[in-house]
Structures are given as C-alpha cells and as structure tokens.
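File shown: entry.cif. Contents: mmCIF, C-alpha atoms and all ligand atoms.
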data_target
#
loop_
_atom_site.label_atom_id
_atom_site.label_comp_id
_atom_site.auth_asym_id
_atom_site.auth_seq_id
_atom_site.Cartn_x
_atom_site.Cartn_y
_atom_site.Cartn_z
CA MET N 1 -45.89 50.45 -135.66
CA ARG N 2 -49.47 51.20 -134.66
CA ASN N 3 -50.10 47.51 -133.93
CA ARG N 4 -47.13 47.44 -131.60
CA ASN N 5 -48.57 50.34 -129.62
CA HIS N 6 -51.86 48.53 -129.19
CA ILE N 7 -50.06 45.43 -127.92
CA ILE N 8 -48.07 47.47 -125.42
CA ASN N 9 -51.25 49.22 -124.27
CA VAL N 10 -53.17 45.98 -123.82
CA THR N 11 -50.30 44.23 -122.02
CA ALA N 12 -49.96 47.15 -119.62
CA LEU N 13 -53.71 47.26 -119.03
CA VAL N 14 -53.94 43.51 -118.37
CA PHE N 15 -51.23 43.85 -115.75
CA ILE N 16 -52.78 46.96 -114.19
CA VAL N 17 -56.17 45.23 -113.85
CA THR N 18 -54.80 41.88 -112.64
CA VAL N 19 -53.03 43.22 -109.55
CA PRO N 20 -55.93 45.02 -107.83
CA LEU N 21 -58.31 42.25 -108.89
CA TYR N 22 -56.11 39.69 -107.15
CA TYR N 23 -56.20 41.71 -103.93
CA LEU N 24 -59.96 42.16 -104.29
CA LEU N 25 -60.44 38.39 -104.53
CA ARG N 26 -58.22 37.94 -101.46
CA ALA N 27 -60.36 40.43 -99.55
CA ILE N 28 -63.68 38.90 -100.63
CA TYR N 29 -62.62 35.31 -99.98
CA ALA N 30 -60.54 36.12 -96.91
CA LEU N 31 -59.28 32.97 -95.25
CA PRO N 32 -59.32 32.57 -91.47
CA GLN N 33 -56.06 32.30 -89.53
CA ALA N 34 -53.86 29.43 -90.74
CA ALA N 35 -53.24 27.24 -87.68
CA SER N 36 -51.97 23.94 -89.06
CA ALA N 37 -49.11 22.67 -91.19
CA GLU N 38 -51.73 21.54 -93.73
CA ALA N 39 -52.96 25.11 -94.13
CA VAL N 40 -49.67 26.22 -95.74
CA PRO N 41 -49.82 24.28 -99.05
CA ILE N 42 -53.59 24.74 -99.22
CA ASP N 43 -53.27 28.51 -98.88
CA GLN N 44 -50.55 28.49 -101.54
CA MET N 45 -53.00 26.79 -103.87
CA PHE N 46 -55.62 29.41 -103.07
CA THR N 47 -53.05 32.08 -104.00
CA GLY N 48 -52.24 30.28 -107.26
CA HIS N 49 -55.90 30.07 -108.19
CA PHE N 50 -56.61 33.68 -107.30
CA ILE N 51 -53.71 34.82 -109.51
CA ALA N 52 -54.92 32.66 -112.41
CA ILE N 53 -58.51 33.87 -112.03
CA ALA N 54 -57.51 37.55 -111.81
CA PHE N 55 -55.20 37.21 -114.84
CA LEU N 56 -57.73 35.38 -117.04
CA PHE N 57 -60.52 37.77 -116.18
CA SER N 58 -58.31 40.76 -117.01
CA LEU N 59 -57.04 39.19 -120.22
CA ILE N 60 -60.51 38.63 -121.61
CA MET N 61 -62.12 41.84 -120.34
CA VAL N 62 -59.25 44.13 -121.34
CA PHE N 63 -59.08 42.73 -124.89
CA MET N 64 -62.82 42.98 -125.29
CA LEU N 65 -63.30 46.49 -123.88
CA TYR N 66 -60.14 47.83 -125.52
CA SER N 67 -61.41 46.62 -128.91
CA ALA N 68 -64.88 47.98 -128.31
CA PHE N 69 -63.62 51.45 -127.45
CA VAL N 70 -60.44 51.89 -129.53
CA PHE N 71 -61.68 50.30 -132.75
CA ARG N 72 -65.08 51.95 -132.77
CA ARG N 73 -66.61 52.83 -136.13
CA LYS N 74 -65.67 56.42 -137.00
CA PRO N 75 -68.62 58.73 -137.82
CA GLY N 76 -69.44 58.56 -141.55
CA ASP N 77 -67.49 55.30 -142.10
CA ASP N 78 -69.97 52.96 -143.81
CA THR N 79 -67.41 50.51 -145.23
CA ASP N 80 -67.34 46.84 -144.26
CA GLY N 81 -64.86 45.71 -141.63
CA PRO N 82 -61.90 43.55 -142.79
CA HIS N 83 -62.80 39.89 -143.38
CA ILE N 84 -60.69 37.87 -140.96
CA HIS N 85 -60.22 34.11 -141.27
CA SER N 86 -58.69 31.80 -138.67
CA ASN N 87 -55.25 32.36 -137.21
CA THR N 88 -53.73 28.90 -136.78
CA ALA N 89 -50.78 29.96 -134.66
CA LEU N 90 -53.05 31.81 -132.21
CA GLU N 91 -55.47 28.89 -131.99
CA ILE N 92 -52.68 26.43 -131.23
CA ILE N 93 -51.36 28.72 -128.52
CA TRP N 94 -54.71 29.21 -126.81
CA THR N 95 -55.39 25.50 -126.83
CA VAL N 96 -52.00 24.28 -125.69
CA VAL N 97 -51.30 26.88 -123.00
CA PRO N 98 -54.58 26.42 -121.06
CA THR N 99 -54.26 22.64 -121.37
CA PHE N 100 -50.91 22.74 -119.61
CA VAL N 101 -52.12 25.26 -117.03
CA VAL N 102 -55.09 23.04 -116.13
CA LEU N 103 -52.91 19.94 -116.06
CA GLY N 104 -50.44 21.81 -113.90
CA PHE N 105 -53.13 22.75 -111.35
CA GLY N 106 -54.34 19.14 -111.41
CA ILE N 107 -50.89 17.75 -110.68
CA TRP N 108 -50.26 20.37 -108.01
CA GLY N 109 -53.54 19.44 -106.28
CA THR N 110 -52.91 15.71 -106.51
CA VAL N 111 -49.39 15.94 -105.11
CA THR N 112 -50.56 18.20 -102.26
CA LEU N 113 -53.52 15.97 -101.39
CA ASN N 114 -51.35 12.88 -101.42
CA ASP N 115 -48.93 14.59 -99.08
CA LEU N 116 -51.69 15.72 -96.69
CA VAL N 117 -53.30 12.29 -96.34
CA SER N 118 -50.12 10.23 -96.04
CA ALA N 119 -49.01 8.96 -92.63
CA LYS N 120 -46.60 11.17 -90.68
CA GLU N 121 -43.81 10.07 -88.40
CA ASN N 122 -44.72 9.62 -84.70
CA GLU N 123 -48.32 10.66 -85.24
CA MET N 124 -50.74 10.39 -82.32
CA THR N 125 -54.11 8.70 -82.77
CA ILE N 126 -57.32 10.32 -81.54
CA GLU N 127 -60.74 8.74 -82.08
CA VAL N 128 -63.54 11.08 -83.06
CA THR N 129 -67.18 10.10 -82.68
CA GLY N 130 -69.99 12.18 -84.10
CA GLN N 131 -73.64 11.73 -83.24
CA GLN N 132 -76.71 13.90 -83.51
CA TRP N 133 -75.63 16.50 -82.29
CA SER N 134 -72.42 16.26 -80.36
CA TRP N 135 -68.78 15.34 -80.69
CA SER N 136 -66.66 13.12 -78.50
CA PHE N 137 -62.92 12.56 -78.61
CA ALA N 138 -61.11 9.51 -77.24
CA TYR N 139 -57.38 9.19 -76.61
CA PRO N 140 -56.46 5.51 -77.06
CA GLU N 141 -52.74 6.21 -76.55
CA GLN N 142 -53.45 7.94 -73.21
CA GLU N 143 -55.38 5.16 -71.44
CA GLY N 144 -58.37 5.68 -73.69
CA PHE N 145 -60.12 8.41 -71.72
CA SER N 146 -62.51 10.57 -73.65
CA SER N 147 -63.30 14.25 -73.65
CA PRO N 148 -66.02 16.52 -75.01
CA THR N 149 -63.24 19.00 -75.95
CA LEU N 150 -60.55 18.21 -78.50
CA VAL N 151 -57.23 19.08 -76.87
CA LEU N 152 -54.18 18.88 -79.15
CA PRO N 153 -50.50 19.41 -78.38
CA VAL N 154 -48.95 22.02 -80.67
CA ASP N 155 -46.67 20.79 -83.48
CA GLN N 156 -47.64 17.16 -82.85
CA PRO N 157 -48.95 15.35 -85.94
CA VAL N 158 -52.29 13.68 -85.12
CA VAL N 159 -54.38 11.23 -87.05
CA LEU N 160 -58.11 11.41 -86.34
CA LYS N 161 -59.89 8.11 -86.74
CA MET N 162 -63.50 9.03 -87.16
CA GLY N 163 -66.86 7.32 -87.01
CA SER N 164 -70.51 8.26 -86.74
CA LYS N 165 -73.21 6.68 -84.57
CA ASP N 166 -76.10 7.72 -86.79
CA VAL N 167 -75.95 9.84 -89.94
CA LEU N 168 -73.27 11.57 -91.99
CA HIS N 169 -71.35 14.29 -90.18
CA SER N 170 -68.27 16.20 -91.24
CA PHE N 171 -65.29 17.29 -89.16
CA TRP N 172 -64.22 20.80 -90.02
CA VAL N 173 -62.02 23.32 -88.22
CA PRO N 174 -61.65 26.18 -90.73
CA GLU N 175 -58.29 27.27 -89.25
CA PHE N 176 -56.88 23.81 -90.01
CA ARG N 177 -58.33 23.96 -93.56
CA VAL N 178 -58.75 20.18 -93.98
CA LYS N 179 -62.15 18.54 -93.69
CA GLN N 180 -63.43 14.96 -93.63
CA ASP N 181 -66.80 13.20 -93.47
CA LEU N 182 -67.81 10.82 -90.68
CA VAL N 183 -69.61 7.88 -92.20
CA PRO N 184 -71.73 5.40 -90.18
CA GLY N 185 -70.26 1.89 -90.28
CA GLN N 186 -66.96 3.04 -91.68
CA GLU N 187 -63.76 4.57 -90.33
CA THR N 188 -62.46 7.68 -92.03
CA THR N 189 -59.19 9.42 -91.22
CA LEU N 190 -57.94 12.98 -91.19
CA ARG N 191 -54.40 14.16 -90.46
CA ILE N 192 -53.61 17.47 -88.79
CA THR N 193 -50.49 19.05 -87.34
CA PRO N 194 -51.66 22.10 -85.37
CA THR N 195 -49.05 24.84 -85.37
CA GLU N 196 -50.66 27.70 -83.45
CA ILE N 197 -51.62 27.59 -79.78
CA GLY N 198 -55.18 28.84 -79.39
CA ASP N 199 -58.88 28.07 -79.15
CA TYR N 200 -60.84 26.92 -82.17
CA LYS N 201 -64.13 25.18 -82.90
CA VAL N 202 -65.03 22.01 -84.74
CA ARG N 203 -68.22 22.55 -86.65
CA CYS N 204 -70.20 19.85 -88.38
CA ALA N 205 -70.10 20.60 -92.10
CA GLU N 206 -72.77 18.13 -93.15
CA ILE N 207 -76.45 18.95 -92.63
CA CYS N 208 -77.31 16.22 -90.14
CA GLY N 209 -80.73 17.10 -88.72
CA THR N 210 -82.58 19.64 -86.58
CA ALA N 211 -79.71 20.77 -84.34
CA HIS N 212 -76.99 20.51 -87.00
CA SER N 213 -76.04 24.15 -86.55
CA THR N 214 -75.32 23.64 -82.84
CA MET N 215 -73.10 20.61 -83.43
CA LEU N 216 -69.96 22.35 -82.23
CA ALA N 217 -67.10 21.36 -79.98
CA ASP N 218 -64.19 23.31 -78.53
CA VAL N 219 -60.71 22.67 -79.86
CA GLN N 220 -57.73 23.74 -77.79
CA VAL N 221 -54.21 23.67 -79.17
CA VAL N 222 -51.89 23.74 -76.16
CA SER N 223 -48.21 23.39 -75.30
CA ALA N 224 -46.78 19.92 -74.67
CA ALA N 225 -46.69 20.61 -70.92
CA GLU N 226 -50.33 21.69 -70.85
CA PHE N 227 -51.29 18.61 -72.82
CA ASP N 228 -49.56 16.39 -70.27
CA ALA N 229 -51.43 18.18 -67.49
CA PHE N 230 -54.73 17.63 -69.35
CA VAL N 231 -53.99 13.92 -69.76
CA GLU N 232 -53.02 13.68 -66.10
CA GLU N 233 -56.27 15.32 -65.03
CA ARG N 234 -58.47 13.21 -67.31
CA THR N 235 -56.88 9.91 -66.40
CA GLN N 236 -57.44 10.63 -62.72
CA ALA N 237 -61.06 11.71 -63.08
CA PRO N 238 -63.65 9.27 -61.72
CA VAL N 239 -64.77 6.63 -64.16
CA TYR N 240 -68.52 6.53 -63.55
CA ALA N 241 -68.96 3.35 -65.55
CA GLU N 242 -66.88 1.47 -62.98
CA MET N 243 -68.86 2.68 -59.95
CA THR N 244 -72.05 1.20 -58.50
CA PRO N 245 -75.16 3.40 -58.48
CA GLU N 246 -74.87 3.65 -54.65
CA GLU N 247 -71.26 4.87 -54.90
CA ARG N 248 -72.22 7.38 -57.53
CA GLY N 249 -75.23 8.47 -55.45
CA GLU N 250 -72.97 9.22 -52.50
CA MET N 251 -70.71 11.21 -54.78
CA TRP N 252 -73.66 13.21 -56.16
CA TYR N 253 -74.77 13.83 -52.54
CA THR N 254 -71.44 15.43 -51.59
CA GLY N 255 -71.16 17.13 -54.96
CA GLY N 256 -68.08 15.20 -55.99
CA GLU N 257 -66.60 16.84 -59.01
CA ALA N 258 -70.04 18.08 -60.06
CA ASP N 259 -70.56 21.82 -59.93
CA TRP N 260 -73.96 22.10 -58.29
CA ALA N 261 -74.92 23.10 -54.73
CA SER N 262 -74.03 20.09 -52.64
CA CYS N 263 -77.06 18.24 -51.27
CA ALA N 264 -74.94 17.68 -48.14
CA GLY N 265 -75.22 21.39 -47.40
CA CYS N 266 -78.93 21.01 -46.56
CA HIS N 267 -79.52 17.28 -45.95
CA SER N 268 -77.79 15.28 -43.23
CA LEU N 269 -77.37 11.49 -43.23
CA ASP N 270 -77.61 11.01 -39.46
CA GLY N 271 -81.00 12.53 -38.66
CA THR N 272 -79.69 16.02 -37.89
CA ARG N 273 -82.08 18.71 -39.03
CA LEU N 274 -80.44 21.11 -41.48
CA ALA N 275 -82.19 23.43 -43.95
CA GLY N 276 -83.85 20.33 -45.41
CA PRO N 277 -85.02 17.02 -43.92
CA SER N 278 -82.37 14.43 -43.11
CA TRP N 279 -82.08 11.56 -45.56
CA LEU N 280 -81.78 9.05 -42.75
CA GLY N 281 -84.68 6.63 -43.16
CA LEU N 282 -86.18 8.80 -45.91
CA TYR N 283 -86.94 6.00 -48.37
CA GLY N 284 -90.43 4.64 -47.74
CA ARG N 285 -91.09 7.07 -44.90
CA THR N 286 -94.54 8.66 -44.62
CA GLU N 287 -93.91 12.36 -45.16
CA GLU N 288 -96.26 15.01 -43.85
CA LEU N 289 -96.62 17.86 -46.30
CA GLU N 290 -97.23 21.50 -45.65
CA ASP N 291 -100.83 21.29 -46.95
CA GLY N 292 -101.70 18.65 -44.34
CA THR N 293 -101.67 15.65 -46.69
CA THR N 294 -99.28 12.74 -46.32
CA ILE N 295 -97.30 10.94 -48.96
CA THR N 296 -94.99 7.94 -49.10
CA ALA N 297 -91.41 8.75 -50.10
CA ASP N 298 -91.08 6.41 -53.06
CA ASP N 299 -89.07 6.82 -56.28
CA ASP N 300 -91.62 9.13 -57.91
CA TYR N 301 -91.89 11.37 -54.89
CA ILE N 302 -88.10 11.67 -54.54
CA ARG N 303 -87.66 12.38 -58.24
CA LYS N 304 -90.37 15.05 -58.06
CA SER N 305 -88.89 16.56 -54.87
CA ILE N 306 -85.60 17.04 -56.72
CA PHE N 307 -86.87 18.23 -60.09
CA GLU N 308 -89.86 20.28 -58.84
CA PRO N 309 -88.81 21.08 -55.29
CA ASN N 310 -91.59 23.59 -54.73
CA ALA N 311 -94.45 21.32 -55.82
CA GLN N 312 -94.66 19.43 -52.51
CA ILE N 313 -93.19 21.08 -49.44
CA VAL N 314 -92.40 18.96 -46.41
CA ALA N 315 -94.23 20.27 -43.33
CA THR N 316 -92.20 22.61 -41.12
CA TYR N 317 -89.60 23.30 -43.84
CA ALA N 318 -89.19 26.37 -46.01
CA PRO N 319 -89.22 25.98 -49.81
CA ALA N 320 -85.46 26.50 -49.82
CA MET N 321 -84.37 23.82 -52.20
CA PRO N 322 -82.90 25.18 -55.43
CA ALA N 323 -84.95 24.34 -58.55
CA VAL N 324 -81.95 23.91 -60.82
CA PHE N 325 -81.31 20.19 -60.78
CA VAL N 326 -83.40 19.33 -63.86
CA ASP N 327 -80.86 21.24 -65.90
CA THR N 328 -77.62 20.58 -64.05
CA PHE N 329 -78.27 16.84 -63.86
CA ALA N 330 -79.12 16.69 -67.57
CA ALA N 331 -75.92 18.56 -68.41
CA LYS N 332 -73.84 16.23 -66.23
CA GLU N 333 -75.49 13.15 -67.73
CA ALA N 334 -74.77 14.41 -71.23
CA GLU N 335 -71.15 15.04 -70.28
CA ILE N 336 -70.78 11.51 -68.92
CA LEU N 337 -72.42 10.12 -72.04
CA ALA N 338 -69.94 12.05 -74.18
CA ASN N 339 -66.96 11.07 -72.01
CA GLU N 340 -67.70 7.44 -71.28
CA GLY N 341 -70.51 6.50 -73.60
CA ILE N 342 -72.75 5.31 -70.74
CA GLU N 343 -76.20 6.55 -69.91
CA ILE N 344 -76.70 7.13 -66.23
CA ASP N 345 -79.60 8.62 -64.32
CA ILE N 346 -78.37 10.74 -61.44
CA VAL N 347 -81.72 10.57 -59.63
CA ASP N 348 -81.66 6.77 -59.80
CA ASP N 349 -78.16 6.87 -58.31
CA LEU N 350 -79.35 9.16 -55.51
CA ILE N 351 -82.36 6.91 -54.80
CA ALA N 352 -80.06 3.88 -54.65
CA PHE N 353 -77.89 5.77 -52.16
CA ILE N 354 -80.88 6.96 -50.08
CA GLN N 355 -82.13 3.37 -49.90
CA THR N 356 -78.94 2.41 -48.04
CA LEU N 357 -79.71 4.94 -45.29
CA GLU N 358 -82.07 2.91 -43.14
CA GLU N 359 -82.72 3.89 -39.55
CU CU T 401 -73.47 16.67 -87.79
#

Translate the structure described by the file into structure tokens.
Amino acid sequence: MRNRNHIINVTALVFIVTVPLYYLLRAIYALPQAASAEAVPIDQMFTGHFIAIAFLFSLIMVFMLYSAFVFRRKPGDDTDGPHIHSNTALEIIWTVVPTFVVLGFGIWGTVTLNDLVSAKENEMTIEVTGQQWSWSFAYPEQEGFSSPTLVLPVDQPVVLKMGSKDVLHSFWVPEFRVKQDLVPGQETTLRITPTEIGDYKVRCAEICGTAHSTMLADVQVVSAAEFDAFVEERTQAPVYAEMTPEERGEMWYTGGEADWASCAGCHSLDGTRLAGPSWLGLYGRTEELEDGTTITADDDYIRKSIFEPNAQIVATYAPAMPAVFVDTFAAKEAEILANEGIEIDIVDDLIAFIQTLEE
C-alpha cells in the first residue's frame, strides 16, 4: 500500500517535471523560422530528442531527489539500511528499453537523411562556388549566367552542386536547416525545397581564413514569376567577358549599368570643355598642371588621375572630380569576378578606350 503511493507520487512528479523542462529546452535551443521542406522532418527530430532528454532527466532526478528526501534517516534511527541485491527484472528492462529507444532514433535519423539526400522529381540544378571569402551561384539550366545572390523559386526542389576554389567552406542557411561542405577538387551536393518567400543569408560554416565571418551571401526565395523576371534580367545583362577592353571602356565612360557618376557628365569626347578636360587626344598629350609643371598623360598618370583625382590638378580646372572610383571600381570588378569568373581592370579598359580617341 505504501509502496504504491510512492510509485504514484514519483510517476506524477516525473510527468510534472518533464513538461516544463521540454518547453525550457525549446526556449533555450530556439530554432529559426523553418523555410524549407527539409526543415519539417528535421524539426520533428529535434522535438523527439527534446522530449526524450526532458523525460530522462526528470526520471533520474525525480527518483534520486525523492529518495533522498522521503527516505531520509529518522532522528535516533541507528539501524543499518536493508541489504538489497540485484533485481533481474529491473535490470533487463533498463537495458532493453534504452537499446530500442537508441536504435529507434538511429533508424529515424537514417531514414530521414536518406530521404533528404535522394533526388527529387523535376529538381533544378544550381552550381555553387565558394572561395575565400565570397559565394557565387551559376544557373546552368538558365543559360549558365551567374549571380552573387542566390535566388530560388518557392516550392521548386533544387539541387546545389558545390565546389570550392581554395579551402573547405560550408554552405549553411539556418532557415533551411540542411548544411553541406564545399571540398576543393570534389563536387558535393545539397538538396533544398524552399517553402517560404523571404530573404535569408548563406553563411560559411567552416572556418576558412581571416575573413571567414564575412563570407555571407544573400538568398532570396521568390515567386515563380519573380524568378522568371530575375532570369530574364540576368540573361540580358552585358557579358563583359565577350567584350573587348575598348568596348568595355566606352561603357564605363557612359556609366553603362554601373552605378557611379558617369565620366561623360564631365569629360567630352569631341574636344568640348566641360567640368573636366576633354578626352579627345588625351593619351600621350603633354598636360600642364596647376602647379606649373608638365606631365605626359601615360597609363600611370591616367590611373592616378582617376584614383587620386586631387593629387595632380590640370591647369585651369577645379578639383571637381569625385574621389570615389578606387572603391566603386573595385566593387564592380569583384562583382564581375563573382558573376563571370573573369578578372578585369576597369582603368585598363578606360585607357584602351581613351587611346582610340586620337585627334
Ligand atoms: Cu568559407
């Protein structure tokens, strides 16, 4: 009779401790928004593990503390405690039950993993390249253009085929839950079906050098229509690799699709004086500077005029040229490198263009 009361007490206490503990674990290890089909079974496994952890912790702690408090030695009781030997039934139970629980979690994990990595119907391939310290995404099924942002159509299964140009990196968007390493000299794959429209970030999850922590890229999950518009825009964008330096130089001069102050706003090509000297016949010309010295307009001088516009001022002109091109050119060059994998030098392009402008 008294034993039965203890068992009822302990059972009730185990339950009472398990429930809040489960919610505490959920709060401490809060998961970010679940934005992919893969997140659903993974979050279910998290729930299963949290329940098991909360239950086991309660089971052990409640039994231990209950015994320590309820079966305390009474004052004046100096007798020995009862001598207890093994309890075979109990030992079989606490060996067999955990064995099956652990096996069960193992099978659950294996089946889920197998499901997540297996090929899906009508999946779309995207190539992911990681390098210290940037990401680039190519769309071989959409004419192969590439983008520094990963744009994904919602509810479309994608397979990422990934490679690294230098060291180990790791593709990880917490909202998608799944994660995969990028290994130099080897192609790894990762499958994702994004289910929530929104903006996310890929972060590199493998320490890969000095700027590892800034190795981020934007991820946009968009509607099918927006994805089509994105593809349309990217496939029409200029392909710099297919242009000559002179053609590119002319484009940089007018601004093209670059977002800096157009050189054309201050420099004419026909000798007209605008805010700055005309580029007509500029290359090789002897330039008179404000301080009375003269200098020949060669590559070095032109490069310096663009990157440090206030270092040498052309006589009769105001120091009006913006000193921003060091940064804007570098950003554009990095973008082209990420998009097309080619290294271009915008100043070299401009010089090639200026050289065509002979008087
Ligand atoms: Cu990295």

Inset, instruction - May I have the residues at most 8 Å from (-74.3, 12.4, -50.7) in the file's coordinates, counting all atoms listed in the file, as number ranges by chain? - result: N: 249-255, 262-264, 350, 353

Check which residues fall inside 10 Å of ligand CU 401 (chain T) when counting all atoms listed in the file, and print them as a tab-separated table (two decimals) with C-alpha atoms, keeping the file's coordinate frame.
chain	number	residue	atom	x	y	z
N	130	GLY	CA	-69.99	12.18	-84.10
N	131	GLN	CA	-73.64	11.73	-83.24
N	132	GLN	CA	-76.71	13.90	-83.51
N	133	TRP	CA	-75.63	16.50	-82.29
N	134	SER	CA	-72.42	16.26	-80.36
N	135	TRP	CA	-68.78	15.34	-80.69
N	164	SER	CA	-70.51	8.26	-86.74
N	166	ASP	CA	-76.10	7.72	-86.79
N	167	VAL	CA	-75.95	9.84	-89.94
N	168	LEU	CA	-73.27	11.57	-91.99
N	169	HIS	CA	-71.35	14.29	-90.18
N	170	SER	CA	-68.27	16.20	-91.24
N	171	PHE	CA	-65.29	17.29	-89.16
N	181	ASP	CA	-66.80	13.20	-93.47
N	182	LEU	CA	-67.81	10.82	-90.68
N	203	ARG	CA	-68.22	22.55	-86.65
N	204	CYS	CA	-70.20	19.85	-88.38
N	205	ALA	CA	-70.10	20.60	-92.10
N	206	GLU	CA	-72.77	18.13	-93.15
N	207	ILE	CA	-76.45	18.95	-92.63
N	208	CYS	CA	-77.31	16.22	-90.14
N	209	GLY	CA	-80.73	17.10	-88.72
N	210	THR	CA	-82.58	19.64	-86.58
N	211	ALA	CA	-79.71	20.77	-84.34
N	212	HIS	CA	-76.99	20.51	-87.00
N	213	SER	CA	-76.04	24.15	-86.55
N	214	THR	CA	-75.32	23.64	-82.84
N	215	MET	CA	-73.10	20.61	-83.43
N	216	LEU	CA	-69.96	22.35	-82.23

Proximity of region 314-336 of chain N to region 278-300 of chain N: per-residue shortest pair, 10 Å limit, all atoms listed in the file, as JSON lines:
{"residue": "N:Val314", "atom": "CA", "partner": "N:Leu289", "partner_atom": "CA", "distance": 4.4}
{"residue": "N:Ala315", "atom": "CA", "partner": "N:Glu290", "partner_atom": "CA", "distance": 4.0}
{"residue": "N:Thr316", "atom": "CA", "partner": "N:Glu290", "partner_atom": "CA", "distance": 6.9}
{"residue": "N:Tyr317", "atom": "CA", "partner": "N:Glu290", "partner_atom": "CA", "distance": 8.0}
{"residue": "N:Ala318", "atom": "CA", "partner": "N:Glu290", "partner_atom": "CA", "distance": 9.4}

Inset, instruction - Select, from N:Gln355, N:Gln236, N:Thr195, N:Gln180, the residue with the minimum atom-to-atom distance to Phe145 (chain N), counting all atoms listed in the file. - result: N:Gln236

Legend entry - CA of Pro184 (chain N) to CA of Thr129 (chain N), distance in Å rounded to a single decimal: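 These atoms are spaced 10.0 Å apart.
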